[in-house]
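Enquirer: The following block contains the structure, expressed as structure tokens.
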Amino acid sequence: MSQSHNRGLIEDFGRWREFRAGMWAWIFHKFTGWVLVGYLFTHIAVLSTAIPASGAEQAVLQAGDDVYTQTIVTLEELLLVRILEVGLLAVAVFHILNGTRLLFVDLGVGLDSQDKSFYASLILTGLITVASVPTFVGGAL
């Protein structure tokens, strides 16, 4: 006979305080992976709109008057788009660093310092993201 365990209500958000670094690393890695997959599909959808522009007259393309080029230029001028690009960089950098950390853990390197390496990947992600803000946002201001 199986035992039933009272795991609490789904709405019981007090359990989040019990999570340790390993659980947060897993949650962030899954979240950033799904964000990157969503971005990939969105990026492909946006780039597929460039197909009609490739059939335009050469003079129109050189002048930059085609709809695709004007749309991209307009979007790149928006501060919101620049901020979202910074967020995309943060997501990608964390996913890469945490994935590298997980690779080393799977190889048996650094098993005793998993928490420290997770926090290091968070700090390094933050530093890279903050350092990139002037580059991304500079043209929109």
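Every chain in the structure tokens takes a letter, A first, then B, and so on in the order presented; its residues are numbered from 1, and the ligands are numbered from 1 following the presented order.
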Give me the residues near Trp24 in chain A as a ChimeraX atom specification, where near means some atom within 12 Å (using only C-alpha atoms) and where sequence neighbours in that chain fewer than 5 positions away do not count.

Expert: /A:16-19,29-32,98,114-115,118-119,122

Enquirer: May I ask which of the residues A:Thr135, A:Leu127, A:Gly110, A:Lys116 is the closest one to Arg20 in chain A, counting only C-alpha atoms?

Expert: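 Smallest separation from Arg20 in chain A among the options: A:Lys116.
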
Enquirer: For the atom pair CA of Leu97 in chain A and CA of Ser121 in chain A, what is the interatomic distance in Å to one decimal place?

Expert: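 Computing it gives 5.8 Å between the two atoms.
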
Enquirer: When you count only C-alpha atoms, which of these residues is closest to Ala90 in chain A: A:Thr49, A:Thr125, A:Ser132, A:Thr42?

Expert: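 Looking at the shortest contact to Ala90 in chain A, the residue is A:Thr125.
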
Enquirer: Fewer than 2 positions away in the same chain doesn't count, so skip those; otherwise give me all residues within 9 Å of Val91 in chain A, counting only C-alpha atoms, as a list of chain:residue names.

Expert: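 The residues satisfying every condition are A:Phe31, A:Thr32, A:Gly33, A:Val35, A:Leu36, A:Val86, A:Gly87, A:Leu88, A:Leu89, A:Val93, A:Phe94, A:His95, A:Ile96, A:Thr125.
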
Enquirer: For Leu79 in chain A, which of A:Val137, A:Met23, A:Leu111, A:Val130 is the closest residue, counting only C-alpha atoms?

Expert: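 Under the stated criterion, the closest residue is A:Val137.
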
Enquirer: Suppose you want the space between CA of Arg82 in chain A and CA of Val67 in chain A; what is it in Å?

Expert: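 Straight-line distance from CA of Arg82 in chain A to CA of Val67 in chain A works out to 20.6 Å.
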